[in-house]
Amino acid sequence: MTLPLSDLETPVPVVDLDRLGRNLDRAASYASRHGLALRPHIKTHKSPRIAQEQLARGAVGLTCATPFEAEVMSGVCRDLLVAFPPVGSPRAGRIAALPDDVDVTVALDSLASVETIGEAARAADRRVGVYVELDLGMHRVGVPVVDDAIAIARAICARPPLEFRGIAFYPGHIREAVGAAQSAKLETLSASVGEVIAAFDRAGPHPRVVSGGSTPTLWNTHEIRGITEFRPGTYVYNDRTTAEIGACSWDDCAFTVLATVVSTAVPNQAVIDAGSKALGREPMRGSDAAGGFGALLDRPEVAVASMSEEHGILDLSKTAWRPAVGERVRVVPNHVCVVVHLNDVVVGARGDAVETTWPVAARGRGYSIDV
Ligand SMILES: Cc1ncc(COP(=O)(O)O)c(C=O)c1O
């Protein structure tokens, strides 16, 4: 007997399985067409089940941000990158304590973190691969000066069981619409990557892996000089921001929050049971045209204009549609990764039929504090 979506209590996160499958297939075939290693970032789905789908389609390994993500993903993958500075002995210790048969790599940008992960690796008597992270425009983490990056790479080479494997960068500063505006920034990025590789090849250890990539730049990754590996995360589900900049179409948005209209009492608006605790409070990134905190899948012109914790206020000014109390809507969030992380379980549906559910297993930090 099939369970219709209309029987579910709301708000509830729903993944369209057909769209998810298409998104996974498209990125996998792009990677193989361009000879690029796909190492998807699992921070978007945090689910071993979807990770397995990515690996089955040819992903070389997975990217994680937190020790807990790596621990959960070690159950399904033997090749993990923790793309976050391994600072502090609790964090470094957890990374070094991953199962022995997991080939683990970290990305870092300081000599201090080389020391920390080096000590943890020695104590655990395990090899840990290292990418040196460079700042190529995002100004978040990463060494801005290539000579300093080379000095860190040399320090890694001098500290077995650490193993220098390459360089990493994240082009999170490129959020322009796909096309001319993005191409100009991509060209600048590409030139910088080329210069970094040349400097390493002249003076430092050879970076076997050049790891970058994001969802906004996904389909133009091959234009980045020297890149060997890319790490998109959002592409599995996509979201309103990704569609707005043209890195996916609206029909590629696989994740929505199913919600119910609970009030139309105040004229010219409708209130749904999805507020900031269901949708997050993420602004649109890289686009100032569309405001609000999400938009309806079937009526993209209707945005969630404002929110309380449990209330979302739909702006009806751009539509003649006037919903009735009890009507169901599906909201495409601005930034899907944060919304996934608000939930314990996600529903997988085909059309209007619930087919499956899965836990957001790597949600949270996964530590207990015993006092
Ligand atoms: C280091 C790193 N790599 C890859 C990604 C994936 O990028 P996107 O979410 O654009 O797919 C992220 C996202 O935050 C990241 O921080």
# chains A, B, ... in the order shown; residues from 1 in each chain; ligands from 1
>>> residues_near_ligand(ligand="ligand 1", cutoff="8 Å", atoms="only C-alpha atoms and all ligand atoms", output="number ranges by chain")
A: 40-41, 43-44, 63, 65, 83-84, 169-170, 172, 212-218, 230-235, 337
>>> closest_atom_pairs(of="stretch 41-98 of chain A", to="stretch 124-143 of chain A", cutoff="12 Å", atoms="only C-alpha atoms", output="JSON lines")
{"residue": "A:Asp79", "atom": "CA", "partner": "A:Gly129", "partner_atom": "CA", "distance": 10.5}
{"residue": "A:Leu80", "atom": "CA", "partner": "A:Gly129", "partner_atom": "CA", "distance": 9.8}
{"residue": "A:Leu81", "atom": "CA", "partner": "A:Gly129", "partner_atom": "CA", "distance": 8.6}
{"residue": "A:Val82", "atom": "CA", "partner": "A:Val130", "partner_atom": "CA", "distance": 9.5}
{"residue": "A:Ala83", "atom": "CA", "partner": "A:Tyr131", "partner_atom": "CA", "distance": 8.7}
{"residue": "A:Phe84", "atom": "CA", "partner": "A:Val141", "partner_atom": "CA", "distance": 8.8}
{"residue": "A:Pro85", "atom": "CA", "partner": "A:Val141", "partner_atom": "CA", "distance": 8.4}
{"residue": "A:Pro86", "atom": "CA", "partner": "A:Val130", "partner_atom": "CA", "distance": 10.3}
{"residue": "A:Ala92", "atom": "CA", "partner": "A:Val128", "partner_atom": "CA", "distance": 10.6}
{"residue": "A:Gly93", "atom": "CA", "partner": "A:Ala124", "partner_atom": "CA", "distance": 8.3}
{"residue": "A:Arg94", "atom": "CA", "partner": "A:Ala124", "partner_atom": "CA", "distance": 10.1}
{"residue": "A:Ile95", "atom": "CA", "partner": "A:Val128", "partner_atom": "CA", "distance": 8.9}
{"residue": "A:Ala96", "atom": "CA", "partner": "A:Ala124", "partner_atom": "CA", "distance": 6.2}
{"residue": "A:Ala97", "atom": "CA", "partner": "A:Ala124", "partner_atom": "CA", "distance": 6.8}
{"residue": "A:Leu98", "atom": "CA", "partner": "A:Ala124", "partner_atom": "CA", "distance": 9.6}
>>> atom_distance(atom1="atom CA of A:Leu162", atom2="atom CA of A:Thr116")
11.0 Å
>>> select_by_dssp(residues="stretch 61-225 of chain A", states="strand (DSSP E or B)", output="PyMOL selection string")
chain A and resi 62-64+79-82+103-108+128-134+143+162-168+209-212
>>> closest_residue(among="A:Gln52, A:Asn220, A:Pro205, A:Glu229", to="A:Ala168", atoms="only C-alpha atoms")
A:Glu229
>>> residues_around(residues="A:Asp16", least_positions_apart="3", cutoff="7 Å", atoms="only C-alpha atoms", output="list in words")
Arg19, Leu20, Ala254, Phe255, Gly348, Ala349 and Arg350 of chain A
>>> write_last_selection(atoms="N, CA and C atoms", output="compact mmCIF listing (two decimals), in the first residue's frame")
# COMPACT_ATOMS: atom_id res chain seq x y z
N ARG A 19 14.40 13.31 -9.33
CA ARG A 19 15.29 14.46 -9.51
C ARG A 19 16.65 14.19 -8.89
N LEU A 20 16.65 13.60 -7.71
CA LEU A 20 17.93 13.26 -7.06
C LEU A 20 18.76 12.36 -7.98
N ALA A 254 15.57 19.10 -5.97
CA ALA A 254 15.04 17.80 -5.52
C ALA A 254 14.54 17.83 -4.09
N PHE A 255 14.90 18.85 -3.35
CA PHE A 255 14.57 18.88 -1.91
C PHE A 255 13.60 20.01 -1.64
N GLY A 348 11.81 10.18 1.08
CA GLY A 348 12.04 10.07 -0.36
C GLY A 348 10.73 9.74 -1.05
N ALA A 349 10.37 10.54 -2.05
CA ALA A 349 9.08 10.34 -2.72
C ALA A 349 9.26 10.28 -4.23
N ARG A 350 8.37 9.53 -4.87
CA ARG A 350 8.31 9.53 -6.34
C ARG A 350 6.92 10.02 -6.69
>>> closest_residue(among="A:Ala247, A:Ala153, A:Phe200, A:Ile117", to="A:Gly179", atoms="only C-alpha atoms")
A:Ala247
>>> residues_around(residues="A:Glu69", least_positions_apart="4", cutoff="10 Å", atoms="only C-alpha atoms", output="list of chain:residue names")
A:Ile42, A:Lys43, A:Lys46, A:Ser47, A:Pro48, A:Thr63, A:Cys64, A:Ala65, A:Met73, A:Ser74, A:Leu80, A:Val82, A:Ala361, A:Ala362, A:Arg363, A:Gly364, A:Arg365, A:Gly366
>>> write_last_selection(atoms="all heavy atoms", output="tab-separated table (two decimals), in the first residue's frame")
chain	number	residue	atom	x	y	z
A	42	ILE	N	29.81	15.71	1.35
A	42	ILE	CA	28.58	15.10	1.88
A	42	ILE	C	27.85	16.00	2.88
A	42	ILE	O	26.83	15.60	3.44
A	42	ILE	CB	28.84	13.71	2.49
A	42	ILE	CG1	29.82	13.78	3.68
A	42	ILE	CG2	29.39	12.76	1.43
A	42	ILE	CD1	29.24	14.18	4.99
A	43	LYS	N	28.40	17.21	3.11
A	43	LYS	CA	27.75	18.10	4.08
A	43	LYS	C	26.32	18.43	3.68
A	43	LYS	O	25.51	18.82	4.52
A	43	LYS	CB	28.55	19.39	4.22
A	43	LYS	CG	28.86	20.06	2.88
A	43	LYS	CD	28.39	21.44	2.76
A	43	LYS	CE	28.35	21.85	1.30
A	43	LYS	NZ	27.86	23.19	1.08
A	46	LYS	N	24.52	14.44	4.26
A	46	LYS	CA	24.92	13.80	5.53
A	46	LYS	C	24.34	12.39	5.66
A	46	LYS	O	23.98	11.95	6.76
A	46	LYS	CB	24.49	14.67	6.72
A	46	LYS	CG	25.32	15.95	6.85
A	46	LYS	CD	24.89	16.76	8.04
A	46	LYS	CE	25.73	18.00	8.22
A	46	LYS	NZ	26.80	17.88	9.21
A	47	SER	N	24.24	11.70	4.55
A	47	SER	CA	23.57	10.41	4.55
A	47	SER	C	24.43	9.34	3.87
A	47	SER	O	24.77	9.47	2.69
A	47	SER	CB	22.24	10.55	3.80
A	47	SER	OG	21.89	9.34	3.20
A	48	PRO	N	24.77	8.26	4.58
A	48	PRO	CA	25.55	7.18	3.96
A	48	PRO	C	24.85	6.61	2.73
A	48	PRO	O	25.50	6.19	1.77
A	48	PRO	CB	25.65	6.12	5.06
A	48	PRO	CG	25.41	6.85	6.33
A	48	PRO	CD	24.50	7.99	6.00
A	63	THR	N	34.12	13.93	0.48
A	63	THR	CA	34.63	15.06	1.25
A	63	THR	C	33.73	15.29	2.45
A	63	THR	O	32.50	15.23	2.31
A	63	THR	CB	34.66	16.34	0.38
A	63	THR	OG1	35.41	16.08	-0.81
A	63	THR	CG2	35.28	17.50	1.13
A	64	CYS	N	34.34	15.52	3.60
A	64	CYS	CA	33.59	15.81	4.82
A	64	CYS	C	34.13	17.11	5.41
A	64	CYS	O	35.23	17.54	5.07
A	64	CYS	CB	33.80	14.70	5.85
A	64	CYS	SG	33.36	13.07	5.25
A	65	ALA	N	33.36	17.70	6.31
A	65	ALA	CA	33.85	18.88	7.02
A	65	ALA	C	34.16	18.56	8.47
A	65	ALA	O	35.13	19.08	9.02
A	65	ALA	CB	32.82	20.01	6.94
A	73	MET	N	30.73	8.45	7.54
A	73	MET	CA	31.00	8.04	6.15
A	73	MET	C	32.03	6.91	6.08
A	73	MET	O	32.10	6.19	5.08
A	73	MET	CB	31.46	9.24	5.32
A	73	MET	CG	30.37	10.26	5.14
A	73	MET	SD	28.87	9.55	4.37
A	73	MET	CE	27.60	10.63	5.08
A	74	SER	N	32.81	6.72	7.14
A	74	SER	CA	33.79	5.61	7.13
A	74	SER	C	33.07	4.27	7.08
A	74	SER	O	33.68	3.25	6.76
A	74	SER	CB	34.73	5.69	8.33
A	74	SER	OG	34.04	5.36	9.52
A	80	LEU	N	38.54	9.20	2.38
A	80	LEU	CA	37.85	10.38	2.90
A	80	LEU	C	38.78	11.59	2.98
A	80	LEU	O	39.92	11.47	3.44
A	80	LEU	CB	37.31	10.10	4.31
A	80	LEU	CG	36.27	8.99	4.45
A	80	LEU	CD1	35.90	8.80	5.92
A	80	LEU	CD2	35.02	9.32	3.63
A	82	VAL	N	38.90	15.24	4.81
A	82	VAL	CA	38.30	16.17	5.76
A	82	VAL	C	38.79	17.56	5.37
A	82	VAL	O	39.94	17.92	5.62
A	82	VAL	CB	38.68	15.83	7.22
A	82	VAL	CG1	38.02	16.82	8.18
A	82	VAL	CG2	38.26	14.40	7.56
A	361	ALA	N	22.16	10.96	8.99
A	361	ALA	CA	22.94	10.24	9.99
A	361	ALA	C	24.14	11.01	10.52
A	361	ALA	O	24.55	10.81	11.67
A	361	ALA	CB	23.41	8.90	9.40
A	362	ALA	N	24.72	11.88	9.70
A	362	ALA	CA	25.92	12.60	10.15
A	362	ALA	C	25.56	13.98	10.68
A	362	ALA	O	26.40	14.87	10.77
A	362	ALA	CB	26.93	12.71	9.01
A	363	ARG	N	24.30	14.16	11.04
A	363	ARG	CA	23.84	15.41	11.62
A	363	ARG	C	24.42	15.55	13.03
A	363	ARG	O	24.53	14.57	13.76
A	363	ARG	CB	22.32	15.34	11.69
A	363	ARG	CG	21.70	16.49	12.35
A	363	ARG	CD	20.20	16.29	12.44
A	363	ARG	NE	19.66	17.48	13.02
A	363	ARG	CZ	18.62	17.51	13.83
A	363	ARG	NH1	17.99	16.40	14.11
A	363	ARG	NH2	18.21	18.64	14.32
A	364	GLY	N	24.76	16.77	13.42
A	364	GLY	CA	25.26	16.99	14.78
A	364	GLY	C	26.76	16.77	14.86
A	364	GLY	O	27.45	16.69	13.84
A	365	ARG	N	27.26	16.68	16.06
A	365	ARG	CA	28.72	16.62	16.28
A	365	ARG	C	29.19	15.23	16.67
A	365	ARG	O	30.38	14.94	16.60
A	365	ARG	CB	29.14	17.62	17.36
A	365	ARG	CG	28.81	19.06	17.01
A	365	ARG	CD	29.69	19.57	15.89
A	365	ARG	NE	29.19	20.84	15.35
A	365	ARG	CZ	29.62	21.37	14.22
A	365	ARG	NH1	30.53	20.76	13.49
A	365	ARG	NH2	29.12	22.50	13.79
A	366	GLY	N	28.28	14.41	17.19
A	366	GLY	CA	28.65	13.03	17.50
A	366	GLY	C	29.61	12.87	18.65
A	366	GLY	O	30.40	11.93	18.66
>>> select_by_dssp(residues="stretch 100-280 of chain A", states="alpha helix (DSSP H)", output="VMD selection string")
chain A and resid 111 to 124 146 to 157 180 to 203 240 to 244 276 to 279
>>> residues_around(residues="A:Phe164", least_positions_apart="4", cutoff="12 Å", atoms="only C-alpha atoms", output="VMD selection string")
chain A and resid 104 to 108 114 118 127 to 133 149 to 160 168 204 to 210
>>> residues_around(residues="A:Val261", least_positions_apart="2", cutoff="6 Å", atoms="only C-alpha atoms", output="MDAnalysis selection string")
chainID A and resid 263 271:272 325:327
>>> residues_around(residues="A:Tyr30", least_positions_apart="2", cutoff="10 Å", atoms="only C-alpha atoms", output="list of chain:residue names")
A:Asp25, A:Arg26, A:Ala27, A:Ala28, A:Ser32, A:Arg33, A:His34, A:Gly35, A:Leu36, A:Leu38, A:Leu218, A:Trp219, A:Asn220, A:Thr221, A:His222
>>> closest_residue(among="A:Gly351, A:Pro333, A:Gly166, A:Gly75", to="A:Pro283", atoms="only C-alpha atoms")
A:Pro333
>>> closest_residue(among="A:Ala243, A:Val371, A:Ala191, A:Ala303", to="A:Arg225", atoms="only C-alpha atoms")
A:Ala191
>>> closest_residue(among="A:Val15, A:Ala259, A:Ala203, A:Leu8", to="A:Arg328", atoms="only C-alpha atoms")
A:Ala259
